[in-house]
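Text of entry-v4.txt, listed as compact mmCIF, C-alpha atoms:
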# COMPACT_ATOMS: atom_id res chain seq x y z
CA MET A 1 -80.57 35.07 79.30
CA ASN A 2 -78.14 37.93 79.72
CA TYR A 3 -76.55 37.00 82.99
CA THR A 4 -72.95 35.85 83.31
CA LEU A 5 -72.04 33.69 86.25
CA ASP A 6 -69.30 35.23 88.36
CA PHE A 7 -67.71 33.10 91.03
CA THR A 8 -65.07 35.63 92.14
CA PRO A 9 -66.93 36.63 95.34
CA VAL A 10 -67.15 32.93 96.21
CA LEU A 11 -63.41 32.44 95.59
CA ASP A 12 -62.59 35.53 97.64
CA GLY A 13 -64.76 34.24 100.47
CA LEU A 14 -63.38 30.71 100.28
CA PRO A 15 -61.24 30.91 103.46
CA ASN A 16 -64.27 32.19 105.38
CA LEU A 17 -66.47 29.47 103.92
CA LEU A 18 -64.00 26.73 104.78
CA SER A 19 -63.65 27.82 108.39
CA ALA A 20 -67.45 28.08 108.52
CA CYS A 21 -67.52 24.39 107.53
CA LEU A 22 -65.66 23.71 110.77
CA GLY A 23 -68.35 25.71 112.54
CA THR A 24 -70.99 23.46 110.97
CA PHE A 25 -69.05 20.36 112.06
CA THR A 26 -68.77 21.74 115.59
CA LEU A 27 -72.50 22.42 115.77
CA ALA A 28 -73.30 18.99 114.36
CA ILE A 29 -70.97 17.01 116.61
CA CYS A 30 -71.81 18.90 119.82
CA GLY A 31 -75.50 18.60 118.93
CA MET A 32 -75.11 14.84 118.38
CA LEU A 33 -73.33 14.30 121.70
CA LEU A 34 -76.06 16.20 123.53
CA ALA A 35 -78.68 14.24 121.56
CA ILE A 36 -77.13 10.92 122.63
CA VAL A 37 -77.10 12.00 126.28
CA ILE A 38 -80.73 13.15 126.08
CA GLY A 39 -81.62 10.01 124.13
CA ILE A 40 -80.16 7.56 126.65
CA GLY A 41 -81.42 9.57 129.63
CA GLY A 42 -84.86 9.77 128.06
CA VAL A 43 -85.00 6.02 127.47
CA ILE A 44 -84.08 5.35 131.12
CA LEU A 45 -86.79 7.76 132.31
CA ARG A 46 -89.22 6.25 129.79
CA GLN A 47 -88.80 2.86 131.51
CA SER A 48 -89.33 4.27 134.98
CA GLN A 49 -92.01 2.76 137.22
CA PHE A 50 -93.31 6.26 137.94
CA LYS A 51 -96.04 6.88 135.34
CA PRO A 52 -96.01 10.73 135.13
CA LEU A 53 -92.30 10.56 134.31
CA ARG A 54 -93.03 8.24 131.38
CA TRP A 55 -95.79 10.53 130.13
CA LEU A 56 -93.43 13.49 130.41
CA VAL A 57 -90.92 11.77 128.12
CA ILE A 58 -93.63 10.73 125.64
CA GLY A 59 -95.01 14.27 125.61
CA PHE A 60 -91.53 15.74 125.06
CA VAL A 61 -90.82 13.40 122.15
CA GLU A 62 -94.15 14.08 120.42
CA LEU A 63 -93.91 17.83 120.98
CA ILE A 64 -90.48 18.01 119.38
CA ARG A 65 -91.24 15.63 116.53
CA ASN A 66 -94.39 17.47 115.50
CA THR A 67 -93.12 21.05 115.43
CA PRO A 68 -90.59 22.62 113.02
CA PHE A 69 -87.01 23.06 114.18
CA LEU A 70 -87.12 26.71 113.15
CA VAL A 71 -89.92 27.39 115.66
CA GLN A 72 -88.09 25.39 118.33
CA ILE A 73 -84.86 27.32 117.88
CA PHE A 74 -86.70 30.68 118.04
CA PHE A 75 -88.50 29.56 121.18
CA ILE A 76 -85.31 28.41 122.90
CA TYR A 77 -83.46 31.53 121.74
CA PHE A 78 -86.03 33.76 123.45
CA ALA A 79 -86.76 31.44 126.39
CA LEU A 80 -83.21 30.97 127.69
CA PRO A 81 -82.64 34.65 128.59
CA LEU A 82 -85.97 34.71 130.42
CA ALA A 83 -84.76 31.71 132.43
CA GLY A 84 -81.70 33.79 133.36
CA ILE A 85 -79.34 31.98 130.98
CA ARG A 86 -77.47 34.33 128.65
CA LEU A 87 -75.70 32.46 125.86
CA ASP A 88 -74.27 33.34 122.46
CA PRO A 89 -76.22 32.17 119.40
CA THR A 90 -73.85 29.25 118.76
CA PRO A 91 -74.25 27.50 122.16
CA THR A 92 -77.97 28.24 121.95
CA ALA A 93 -78.06 26.49 118.56
CA ILE A 94 -76.20 23.49 120.03
CA ILE A 95 -78.78 23.22 122.80
CA ALA A 96 -81.63 23.43 120.30
CA LEU A 97 -80.02 20.83 118.02
CA GLY A 98 -79.38 18.54 120.99
CA ILE A 99 -82.98 18.80 122.19
CA ASN A 100 -84.33 18.20 118.69
CA GLY A 101 -81.98 15.31 117.94
CA GLY A 102 -82.50 13.94 121.44
CA ALA A 103 -86.24 13.51 120.92
CA TYR A 104 -85.63 11.44 117.78
CA ALA A 105 -82.81 9.56 119.51
CA ILE A 106 -85.17 8.56 122.36
CA GLU A 107 -87.55 6.95 119.90
CA ILE A 108 -84.77 5.18 117.99
CA ILE A 109 -82.88 3.93 121.07
CA ARG A 110 -86.13 2.77 122.68
CA GLY A 111 -86.82 0.65 119.60
CA GLY A 112 -83.37 -0.92 119.97
CA VAL A 113 -83.74 -1.55 123.70
CA GLN A 114 -87.08 -3.25 123.11
CA SER A 115 -85.45 -5.56 120.59
CA ILE A 116 -83.27 -7.08 123.33
CA SER A 117 -85.12 -10.10 124.68
CA LYS A 118 -86.06 -10.17 128.36
CA GLY A 119 -84.10 -13.37 128.86
CA GLN A 120 -80.86 -11.45 128.33
CA THR A 121 -81.67 -9.05 131.17
CA GLU A 122 -82.73 -11.90 133.45
CA ALA A 123 -79.58 -13.85 132.66
CA GLY A 124 -77.49 -10.80 133.50
CA LEU A 125 -79.26 -10.28 136.82
CA ALA A 126 -78.95 -13.99 137.62
CA LEU A 127 -75.20 -13.74 137.06
CA GLY A 128 -75.12 -11.10 139.79
CA LEU A 129 -74.62 -8.00 137.64
CA HIS A 130 -75.90 -4.74 139.01
CA LYS A 131 -78.95 -3.16 137.31
CA ALA A 132 -76.79 -0.37 135.86
CA GLN A 133 -74.27 -2.90 134.54
CA VAL A 134 -77.04 -4.91 132.90
CA PHE A 135 -78.32 -1.78 131.19
CA ARG A 136 -74.90 -0.67 130.00
CA LEU A 137 -73.36 -4.00 128.96
CA ILE A 138 -76.26 -6.25 128.05
CA ILE A 139 -78.92 -3.87 126.80
CA LEU A 140 -77.31 -0.68 125.56
CA LYS A 141 -74.37 -1.94 123.52
CA PRO A 142 -76.21 -4.53 121.41
CA ALA A 143 -79.14 -2.11 121.13
CA LEU A 144 -76.84 0.61 119.80
CA ARG A 145 -75.54 -1.79 117.22
CA THR A 146 -79.04 -2.71 116.06
CA ILE A 147 -80.13 0.90 115.72
CA TYR A 148 -76.81 2.23 114.40
CA PRO A 149 -78.03 2.68 110.80
CA SER A 150 -81.18 4.60 111.75
CA LEU A 151 -79.38 6.61 114.43
CA THR A 152 -76.64 7.70 112.03
CA SER A 153 -79.05 8.67 109.26
CA GLN A 154 -80.87 10.74 111.87
CA PHE A 155 -77.52 12.37 112.68
CA ILE A 156 -76.90 13.15 109.01
CA LEU A 157 -80.28 14.90 109.07
CA LEU A 158 -79.17 16.75 112.20
CA THR A 159 -76.02 17.86 110.38
CA LEU A 160 -78.14 19.28 107.57
CA THR A 161 -80.47 20.88 110.11
CA THR A 162 -77.57 22.98 111.43
CA SER A 163 -78.18 25.27 108.43
CA ILE A 164 -81.38 26.45 110.13
CA ALA A 165 -79.25 27.76 113.02
CA SER A 166 -78.42 30.62 110.64
CA ALA A 167 -81.84 32.03 111.59
CA ILE A 168 -80.40 33.07 114.97
CA SER A 169 -77.03 33.82 113.27
CA ALA A 170 -75.03 31.06 114.90
CA TYR A 171 -71.56 30.60 113.39
CA GLU A 172 -71.90 28.02 110.64
CA LEU A 173 -71.81 27.65 106.87
CA THR A 174 -75.22 29.06 105.94
CA SER A 175 -74.94 32.26 107.96
CA VAL A 176 -71.46 32.94 106.56
CA SER A 177 -72.71 32.32 103.01
CA GLN A 178 -75.62 34.69 103.63
CA ARG A 179 -73.14 37.38 104.65
CA ILE A 180 -71.11 36.85 101.46
CA GLU A 181 -74.30 36.87 99.42
CA SER A 182 -75.52 40.16 100.86
CA ASP A 183 -72.12 41.75 100.21
CA SER A 184 -71.80 40.58 96.60
CA PHE A 185 -75.39 39.93 95.39
CA ARG A 186 -74.05 36.82 93.65
CA SER A 187 -76.82 34.78 95.27
CA PHE A 188 -76.96 31.80 92.95
CA GLU A 189 -73.19 31.35 92.76
CA VAL A 190 -72.80 31.51 96.54
CA TYR A 191 -75.66 29.16 97.39
CA PHE A 192 -74.80 26.72 94.61
CA THR A 193 -71.24 26.39 95.91
CA VAL A 194 -72.36 26.10 99.52
CA THR A 195 -74.86 23.39 98.55
CA ALA A 196 -71.94 21.43 97.11
CA PHE A 197 -70.06 21.98 100.39
CA TYR A 198 -72.95 20.48 102.31
CA LEU A 199 -72.96 17.48 100.00
CA VAL A 200 -69.28 16.92 100.86
CA ILE A 201 -69.95 17.46 104.57
CA SER A 202 -72.70 14.84 104.67
CA TRP A 203 -70.53 12.45 102.68
CA VAL A 204 -67.65 12.91 105.15
CA MET A 205 -70.07 12.32 108.04
CA MET A 206 -71.21 9.07 106.44
CA ARG A 207 -67.59 7.92 106.07
CA ILE A 208 -66.91 8.73 109.74
CA PHE A 209 -69.97 6.76 110.83
CA ALA A 210 -68.95 3.81 108.65
CA PHE A 211 -65.48 3.92 110.23
CA PHE A 212 -66.90 3.80 113.77
CA SER A 213 -69.23 1.00 112.80
CA ALA A 214 -66.33 -1.09 111.51
CA ARG A 215 -64.24 -0.22 114.59
CA TYR A 216 -66.72 -0.88 117.41
CA PHE A 217 -69.53 -3.04 116.11
CA SER A 218 -67.68 -5.63 114.08
CA TYR A 219 -67.78 -8.38 116.72
CA PRO A 220 -69.66 -11.50 115.61
CA LEU A 221 -73.39 -11.60 116.20
CA ARG A 222 -73.57 -15.02 117.83
CA MET B 1 -101.91 38.98 122.16
CA GLY B 2 -105.14 40.32 120.74
CA ARG B 3 -107.69 39.02 118.30
CA GLU B 4 -106.13 40.87 115.34
CA GLU B 5 -102.76 39.26 115.90
CA PHE B 6 -104.24 35.80 116.23
CA LEU B 7 -106.18 36.25 112.99
CA PHE B 8 -102.93 37.24 111.28
CA LEU B 9 -101.35 34.00 112.50
CA LEU B 10 -104.32 32.09 111.09
CA THR B 11 -103.76 33.75 107.69
CA GLY B 12 -100.19 32.49 107.92
CA LEU B 13 -101.52 29.06 108.82
CA LYS B 14 -103.69 29.10 105.70
CA TRP B 15 -100.59 29.66 103.54
CA THR B 16 -98.69 26.91 105.36
CA VAL B 17 -101.52 24.50 104.60
CA ALA B 18 -101.68 25.64 100.96
CA LEU B 19 -97.92 25.35 100.52
CA SER B 20 -97.84 21.88 102.10
CA ALA B 21 -100.75 20.71 99.94
CA VAL B 22 -99.27 21.99 96.68
CA ALA B 23 -95.81 20.61 97.46
CA PHE B 24 -97.23 17.25 98.53
CA VAL B 25 -99.54 16.76 95.56
CA CYS B 26 -96.99 17.90 92.96
CA GLY B 27 -94.28 16.04 94.87
CA CYS B 28 -96.35 12.84 94.70
CA VAL B 29 -96.69 13.09 90.92
CA ALA B 30 -93.00 13.88 90.39
CA GLY B 31 -91.98 11.37 93.07
CA LEU B 32 -93.87 8.58 91.33
CA MET B 33 -91.94 9.43 88.18
CA VAL B 34 -88.65 9.35 90.11
CA ALA B 35 -89.54 6.01 91.71
CA LEU B 36 -90.46 4.45 88.35
CA LEU B 37 -87.27 5.73 86.71
CA ARG B 38 -85.24 4.53 89.71
CA THR B 39 -86.63 0.99 89.25
CA SER B 40 -86.76 1.08 85.44
CA GLY B 41 -83.97 -1.46 84.97
CA VAL B 42 -82.05 0.87 82.62
CA ALA B 43 -78.67 1.29 84.29
CA ILE B 44 -77.95 4.87 83.23
CA VAL B 45 -81.44 6.11 84.16
CA GLU B 46 -81.24 4.37 87.53
CA ARG B 47 -77.83 5.95 88.17
CA LEU B 48 -79.07 9.44 87.28
CA THR B 49 -82.14 9.21 89.52
CA ALA B 50 -80.02 7.78 92.33
CA GLY B 51 -77.78 10.84 91.99
CA TYR B 52 -80.80 13.16 91.99
CA ILE B 53 -82.06 11.56 95.20
CA ALA B 54 -78.61 11.64 96.82
CA VAL B 55 -78.22 15.37 96.14
CA PHE B 56 -81.55 16.20 97.79
CA GLN B 57 -80.90 13.89 100.73
CA GLY B 58 -77.38 15.18 101.25
CA THR B 59 -78.06 18.92 101.29
CA PRO B 60 -80.15 21.08 103.63
CA LEU B 61 -83.69 21.96 102.49
CA LEU B 62 -82.88 25.61 103.18
CA MET B 63 -80.05 25.55 100.61
CA GLN B 64 -82.30 23.79 98.08
CA LEU B 65 -84.87 26.56 98.47
CA PHE B 66 -82.19 29.24 98.03
CA VAL B 67 -80.73 27.61 94.91
CA VAL B 68 -84.13 27.12 93.30
CA TYR B 69 -85.26 30.62 94.25
CA TYR B 70 -82.22 32.34 92.74
CA GLY B 71 -81.63 29.75 90.02
CA LEU B 72 -85.11 30.23 88.51
CA ALA B 73 -84.58 33.98 88.38
CA LEU B 74 -81.24 33.36 86.72
CA ILE B 75 -82.66 31.37 83.81
CA GLY B 76 -85.14 34.15 83.23
CA ILE B 77 -88.23 32.75 84.96
CA GLN B 78 -89.75 35.54 87.01
CA MET B 79 -91.60 34.10 89.96
CA ASP B 80 -92.83 35.42 93.26
CA ALA B 81 -91.63 33.83 96.49
CA TRP B 82 -94.76 31.68 96.73
CA ALA B 83 -94.25 29.98 93.36
CA ALA B 84 -90.49 29.59 93.80
CA VAL B 85 -90.88 28.01 97.23
CA SER B 86 -93.56 25.66 95.86
CA VAL B 87 -91.19 24.53 93.12
CA GLY B 88 -88.35 24.05 95.65
CA LEU B 89 -90.49 22.02 98.05
CA THR B 90 -91.94 19.98 95.17
CA LEU B 91 -88.46 18.99 93.98
CA HIS B 92 -87.47 18.17 97.57
CA ALA B 93 -90.60 16.03 98.01
CA SER B 94 -90.12 14.28 94.66
CA ALA B 95 -86.66 13.04 95.69
CA PHE B 96 -87.71 11.83 99.16
CA LEU B 97 -90.99 10.26 98.03
CA GLY B 98 -89.17 8.72 95.06
CA GLU B 99 -86.76 7.02 97.43
CA ILE B 100 -89.54 5.86 99.78
CA TRP B 101 -91.54 4.41 96.90
CA ARG B 102 -88.51 2.80 95.27
CA GLY B 103 -88.09 0.88 98.52
CA SER B 104 -91.71 -0.22 98.56
CA ILE B 105 -91.76 -1.13 94.86
CA GLU B 106 -88.74 -3.36 95.52
CA ALA B 107 -90.46 -4.77 98.60
CA VAL B 108 -93.27 -6.21 96.49
CA PRO B 109 -92.32 -9.88 95.99
CA ARG B 110 -90.67 -10.57 92.62
CA GLY B 111 -93.14 -13.34 91.95
CA GLN B 112 -95.85 -10.72 91.49
CA THR B 113 -93.99 -9.10 88.59
CA GLU B 114 -93.10 -12.48 87.12
CA ALA B 115 -96.68 -13.69 87.33
CA ALA B 116 -97.90 -10.48 85.67
CA LYS B 117 -95.34 -10.95 82.90
CA ALA B 118 -96.36 -14.57 82.47
CA LEU B 119 -99.96 -13.42 82.09
CA GLY B 120 -98.82 -11.18 79.27
CA LEU B 121 -99.42 -7.83 81.00
CA GLY B 122 -97.51 -4.87 79.57
CA TYR B 123 -95.39 -2.52 81.69
CA VAL B 124 -98.16 0.02 82.31
CA SER B 125 -100.75 -2.50 83.35
CA ARG B 126 -98.18 -4.46 85.38
CA MET B 127 -97.28 -1.38 87.38
CA LYS B 128 -100.76 0.15 87.60
CA ASP B 129 -102.72 -2.99 88.42
CA VAL B 130 -100.24 -5.29 90.15
CA VAL B 131 -97.15 -3.69 91.64
CA LEU B 132 -98.13 -0.12 92.61
CA PRO B 133 -101.33 -0.94 94.56
CA GLN B 134 -99.28 -3.23 96.80
CA ALA B 135 -96.31 -0.88 96.94
CA ILE B 136 -98.43 2.09 97.97
CA ARG B 137 -99.94 0.09 100.81
CA ILE B 138 -96.47 -0.81 102.06
CA SER B 139 -95.26 2.77 101.75
CA LEU B 140 -98.18 4.51 103.50
CA PRO B 141 -96.64 4.89 106.99
CA ALA B 142 -93.39 6.28 105.57
CA THR B 143 -95.27 8.55 103.16
CA ILE B 144 -97.31 10.03 106.00
CA GLY B 145 -94.12 10.41 108.01
CA PHE B 146 -92.64 12.40 105.15
CA LEU B 147 -95.79 14.54 104.88
CA VAL B 148 -95.23 15.59 108.50
CA GLN B 149 -91.62 16.44 107.64
CA LEU B 150 -92.80 18.44 104.63
CA ILE B 151 -95.29 20.45 106.70
CA LYS B 152 -92.50 21.27 109.15
CA GLY B 153 -90.21 22.05 106.20
CA THR B 154 -92.56 24.74 104.87
CA SER B 155 -91.46 26.83 107.87
CA LEU B 156 -88.17 27.42 106.01
CA ALA B 157 -90.09 29.36 103.36
CA SER B 158 -90.13 32.13 105.97
CA ILE B 159 -86.35 32.56 105.59
CA VAL B 160 -86.72 32.98 101.82
CA GLY B 161 -89.29 35.68 102.54
CA PHE B 162 -92.67 34.02 102.07
CA THR B 163 -95.21 34.91 104.75
CA GLU B 164 -96.49 31.61 106.09
CA LEU B 165 -97.12 30.63 109.71
CA THR B 166 -93.56 30.99 111.05
CA ARG B 167 -92.94 34.33 109.36
CA ALA B 168 -96.34 35.56 110.51
CA GLY B 169 -95.16 34.59 114.01
CA ASN B 170 -91.92 36.53 113.49
CA ILE B 171 -93.81 39.64 112.39
CA ILE B 172 -96.25 39.52 115.31
CA SER B 173 -93.45 38.78 117.76
CA ASN B 174 -91.59 41.87 116.58
CA GLN B 175 -94.75 43.95 117.00
CA ILE B 176 -95.87 42.94 120.46
CA PHE B 177 -92.55 41.82 122.01
CA GLN B 178 -93.95 38.59 123.41
CA PRO B 179 -91.85 36.01 121.53
CA LEU B 180 -92.60 33.16 123.92
CA THR B 181 -96.38 33.55 123.67
CA VAL B 182 -96.26 33.97 119.90
CA PHE B 183 -93.89 31.09 119.16
CA GLY B 184 -95.72 28.96 121.73
CA ILE B 185 -98.95 29.47 119.77
CA VAL B 186 -97.19 29.00 116.42
CA GLY B 187 -95.69 25.74 117.71
CA ALA B 188 -99.09 24.62 118.98
CA LEU B 189 -100.65 25.27 115.56
CA TYR B 190 -97.97 23.15 113.85
CA PHE B 191 -98.47 20.48 116.50
CA LEU B 192 -102.23 20.40 115.83
CA MET B 193 -101.53 19.84 112.12
CA CYS B 194 -98.80 17.24 112.48
CA CYS B 195 -99.77 15.20 115.54
CA PRO B 196 -102.95 13.62 114.06
CA LEU B 197 -100.91 12.61 111.01
CA THR B 198 -98.18 11.10 113.18
CA ILE B 199 -100.72 9.15 115.20
CA TYR B 200 -102.43 7.94 112.00
CA GLY B 201 -99.08 6.87 110.53
CA ALA B 202 -98.18 4.92 113.67
CA HIS B 203 -101.63 3.32 113.62
CA LEU B 204 -101.19 2.19 110.00
CA GLU B 205 -97.75 0.82 110.78
CA ARG B 206 -99.12 -1.28 113.64
CA LYS B 207 -102.01 -2.47 111.48
CA PHE B 208 -99.72 -3.60 108.64
CA LEU B 209 -97.38 -5.24 111.11
CA THR B 210 -100.13 -7.38 112.60
CA ALA B 211 -101.63 -8.05 109.17
CA SER B 212 -98.35 -9.40 107.83
CA ARG B 213 -97.90 -11.84 110.71
Please, can you express the file's structure as structure tokens?
Amino acid sequence: MNYTLDFTPVLDGLPNLLSACLGTFTLAICGMLLAIVIGIGGVILRQSQFKPLRWLVIGFVELIRNTPFLVQIFFIYFALPLAGIRLDPTPTAIIALGINGGAYAIEIIRGGVQSISKGQTEAGLALGLHKAQVFRLIILKPALRTIYPSLTSQFILLTLTTSIASAISAYELTSVSQRIESDSFRSFEVYFTVTAFYLVISWVMMRIFAFFSARYFSYPLR
Amino acid sequence: MGREEFLFLLTGLKWTVALSAVAFVCGCVAGLMVALLRTSGVAIVERLTAGYIAVFQGTPLLMQLFVVYYGLALIGIQMDAWAAVSVGLTLHASAFLGEIWRGSIEAVPRGQTEAAKALGLGYVSRMKDVVLPQAIRISLPATIGFLVQLIKGTSLASIVGFTELTRAGNIISNQIFQPLTVFGIVGALYFLMCCPLTIYGAHLERKFLTASR
């Protein structure tokens, strides 16, 4: 082996890489928020009395879960302009991440909602709460607590998925590292360092989720 | 899109299937090793395998493929994209399957191991004849779920430069300027591969759930 590792290009690019980490966080957090909105909306539609609407949600979930994110992001990237929506790669990536994460969130939240016994809903209605109040206070909050572990590990996955957004050159860690790599040809050094960055990012995400869990879901169970 | 283009996509599909199969089979063998080491009872070995799993679960698959691709070249192993991507996906699969199977090995009631020990069975026979058959049954839905993820993950090989289904789609899309048609078809082909597996996995899960009641 006559190759000497040289990390100078990585050190020179460090400021760029660090600000790209913020780009990755932005993508991940915006994607998560959109995913939660789609997830809760999808669960409400999924419970609708109108059958075609339910099928539509089921079809959407299965379509997203059974195709690769890379194909989805390409499709959305080319489809949005045809629909008359011109967006930069980064917002496009957020939409794609939100749609992808949303499909998984629908399945996870639905599982949580089903775990709330019917008696709870009936008790809420009997106490004179409005249907929306029952959903928000009696079903959604305990359901979110039940599914919190699986939802957050899905969100860690979503954070890691942001690296695929480099395929449409959204602003995040992987695309910036690819630029440094193509300037310096120090491929292994660059990608090795960036992999370590991702490890830190997912660790930080886990700490944040643990913090929220302790803050909002620590009320006693019974 | 003409017949030629569609046939090109099918060639890509062939490579996606081959890549998934190689990565899954090799990943199963390596994953079993990881799972056994992870439950070996030797503290240092368990720690090391836990770290191995954590690294693969905490980094993007795309980065893993890049590091393996360039890392292999660095230590003097010349490989084409196909072999390098297979190695990368195999390592990825070994960590995830190892973690899934660790969970199911631990889910087999302790009494089973104790009974096997009391009967004087050695480690190999205890694992092969008593624990693993039950553990594999428990793990089947999750294993199939991971297989679907792995098939979808092979699409990232296109970024490293290996011509499988997604890259074939990219090439065709650049030729005929109909990205929506091309990626629609590519998506449909992935869907046709993954959906039956997803349905089968859900079916198994339901079956085990009712059986355990």
Neighbour list for range 14-19 of chain A as an MDAnalysis selection string, cut-off 12 Å, all atoms listed in the file, skip fewer than 4 positions in-chain: chainID A and resid 7:10 23:26 171:181 190:191 193:198 200:201
Who sits within 9 Å of range 85-92 of chain B, all atoms listed in the file, same chain under 2 positions skipped, as an MDAnalysis selection string: chainID B and resid 19:20 22:28 30:31 53 56:57 61 64:69 80:83 94:97 150 153:154 157 160 162
Could you save those same residues with C-alpha atoms as a PDB file, in the coordinates of the input?
ATOM      1  CA  LEU B  19     -97.920  25.350 100.520  1.00  0.00           C
ATOM      2  CA  SER B  20     -97.840  21.880 102.100  1.00  0.00           C
ATOM      3  CA  VAL B  22     -99.270  21.990  96.680  1.00  0.00           C
ATOM      4  CA  ALA B  23     -95.810  20.610  97.460  1.00  0.00           C
ATOM      5  CA  PHE B  24     -97.230  17.250  98.530  1.00  0.00           C
ATOM      6  CA  VAL B  25     -99.540  16.760  95.560  1.00  0.00           C
ATOM      7  CA  CYS B  26     -96.990  17.900  92.960  1.00  0.00           C
ATOM      8  CA  GLY B  27     -94.280  16.040  94.870  1.00  0.00           C
ATOM      9  CA  CYS B  28     -96.350  12.840  94.700  1.00  0.00           C
ATOM     10  CA  ALA B  30     -93.000  13.880  90.390  1.00  0.00           C
ATOM     11  CA  GLY B  31     -91.980  11.370  93.070  1.00  0.00           C
ATOM     12  CA  ILE B  53     -82.060  11.560  95.200  1.00  0.00           C
ATOM     13  CA  PHE B  56     -81.550  16.200  97.790  1.00  0.00           C
ATOM     14  CA  GLN B  57     -80.900  13.890 100.730  1.00  0.00           C
ATOM     15  CA  LEU B  61     -83.690  21.960 102.490  1.00  0.00           C
ATOM     16  CA  GLN B  64     -82.300  23.790  98.080  1.00  0.00           C
ATOM     17  CA  LEU B  65     -84.870  26.560  98.470  1.00  0.00           C
ATOM     18  CA  PHE B  66     -82.190  29.240  98.030  1.00  0.00           C
ATOM     19  CA  VAL B  67     -80.730  27.610  94.910  1.00  0.00           C
ATOM     20  CA  VAL B  68     -84.130  27.120  93.300  1.00  0.00           C
ATOM     21  CA  TYR B  69     -85.260  30.620  94.250  1.00  0.00           C
ATOM     22  CA  ASP B  80     -92.830  35.420  93.260  1.00  0.00           C
ATOM     23  CA  ALA B  81     -91.630  33.830  96.490  1.00  0.00           C
ATOM     24  CA  TRP B  82     -94.760  31.680  96.730  1.00  0.00           C
ATOM     25  CA  ALA B  83     -94.250  29.980  93.360  1.00  0.00           C
ATOM     26  CA  SER B  94     -90.120  14.280  94.660  1.00  0.00           C
ATOM     27  CA  ALA B  95     -86.660  13.040  95.690  1.00  0.00           C
ATOM     28  CA  PHE B  96     -87.710  11.830  99.160  1.00  0.00           C
ATOM     29  CA  LEU B  97     -90.990  10.260  98.030  1.00  0.00           C
ATOM     30  CA  LEU B 150     -92.800  18.440 104.630  1.00  0.00           C
ATOM     31  CA  GLY B 153     -90.210  22.050 106.200  1.00  0.00           C
ATOM     32  CA  THR B 154     -92.560  24.740 104.870  1.00  0.00           C
ATOM     33  CA  ALA B 157     -90.090  29.360 103.360  1.00  0.00           C
ATOM     34  CA  VAL B 160     -86.720  32.980 101.820  1.00  0.00           C
ATOM     35  CA  PHE B 162     -92.670  34.020 102.070  1.00  0.00           C
TER      36      PHE B 162
END
Non-local contacts of Leu33 in chain A (10 Å; only C-alpha atoms; under 3 positions in same chain excluded) as a ChimeraX atom specification: /A:28-30,36-39,94,98,101-102
Please find the residues of chain A near chain B - the criterion being any atom within 10 Å, counting only C-alpha atoms - and write them as a compact mmCIF listing (two decimals) with C-alpha atoms, in the frame of the given file.
# COMPACT_ATOMS: atom_id res chain seq x y z
CA MET A 1 -80.57 35.07 79.30
CA ASN A 2 -78.14 37.93 79.72
CA TYR A 3 -76.55 37.00 82.99
CA THR A 4 -72.95 35.85 83.31
CA LEU A 5 -72.04 33.69 86.25
CA GLU A 62 -94.15 14.08 120.42
CA LEU A 63 -93.91 17.83 120.98
CA ILE A 64 -90.48 18.01 119.38
CA ARG A 65 -91.24 15.63 116.53
CA ASN A 66 -94.39 17.47 115.50
CA THR A 67 -93.12 21.05 115.43
CA PRO A 68 -90.59 22.62 113.02
CA PHE A 69 -87.01 23.06 114.18
CA LEU A 70 -87.12 26.71 113.15
CA VAL A 71 -89.92 27.39 115.66
CA GLN A 72 -88.09 25.39 118.33
CA ILE A 73 -84.86 27.32 117.88
CA PHE A 74 -86.70 30.68 118.04
CA PHE A 75 -88.50 29.56 121.18
CA ILE A 76 -85.31 28.41 122.90
CA TYR A 77 -83.46 31.53 121.74
CA PHE A 78 -86.03 33.76 123.45
CA ALA A 79 -86.76 31.44 126.39
CA LEU A 82 -85.97 34.71 130.42
CA ILE A 156 -76.90 13.15 109.01
CA LEU A 157 -80.28 14.90 109.07
CA LEU A 158 -79.17 16.75 112.20
CA THR A 159 -76.02 17.86 110.38
CA LEU A 160 -78.14 19.28 107.57
CA THR A 161 -80.47 20.88 110.11
CA THR A 162 -77.57 22.98 111.43
CA SER A 163 -78.18 25.27 108.43
CA ILE A 164 -81.38 26.45 110.13
CA SER A 166 -78.42 30.62 110.64
CA ALA A 167 -81.84 32.03 111.59
CA THR A 174 -75.22 29.06 105.94
CA ARG A 186 -74.05 36.82 93.65
CA SER A 187 -76.82 34.78 95.27
CA PHE A 188 -76.96 31.80 92.95
CA GLU A 189 -73.19 31.35 92.76
CA VAL A 190 -72.80 31.51 96.54
CA TYR A 191 -75.66 29.16 97.39
CA PHE A 192 -74.80 26.72 94.61
CA THR A 193 -71.24 26.39 95.91
CA VAL A 194 -72.36 26.10 99.52
CA THR A 195 -74.86 23.39 98.55
CA ALA A 196 -71.94 21.43 97.11
CA PHE A 197 -70.06 21.98 100.39
CA TYR A 198 -72.95 20.48 102.31
CA LEU A 199 -72.96 17.48 100.00
CA VAL A 200 -69.28 16.92 100.86
CA ILE A 201 -69.95 17.46 104.57
CA SER A 202 -72.70 14.84 104.67
CA TRP A 203 -70.53 12.45 102.68
Å distance separating CA of Lys207 in chain B from CA of Ile136 in chain B, one decimal place: 14.7 Å
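Between CA of Val43 in chain A and CA of Ile106 in chain A lies a distance of 5.7 Å.
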Interatomic distance (Å, one decimal) between CA of Ile139 in chain A and CA of Leu56 in chain A: 22.9 Å
Glu46 in chain B surroundings by all atoms listed in the file, 10 Å radius, close-in-sequence under 5 positions cut, as a count of residues only: 10
Of the listed residues A:Ala132, A:Ala103, A:Ile147, A:Ala96, that which approaches Ser115 in chain A most closely, counting only C-alpha atoms: A:Ile147
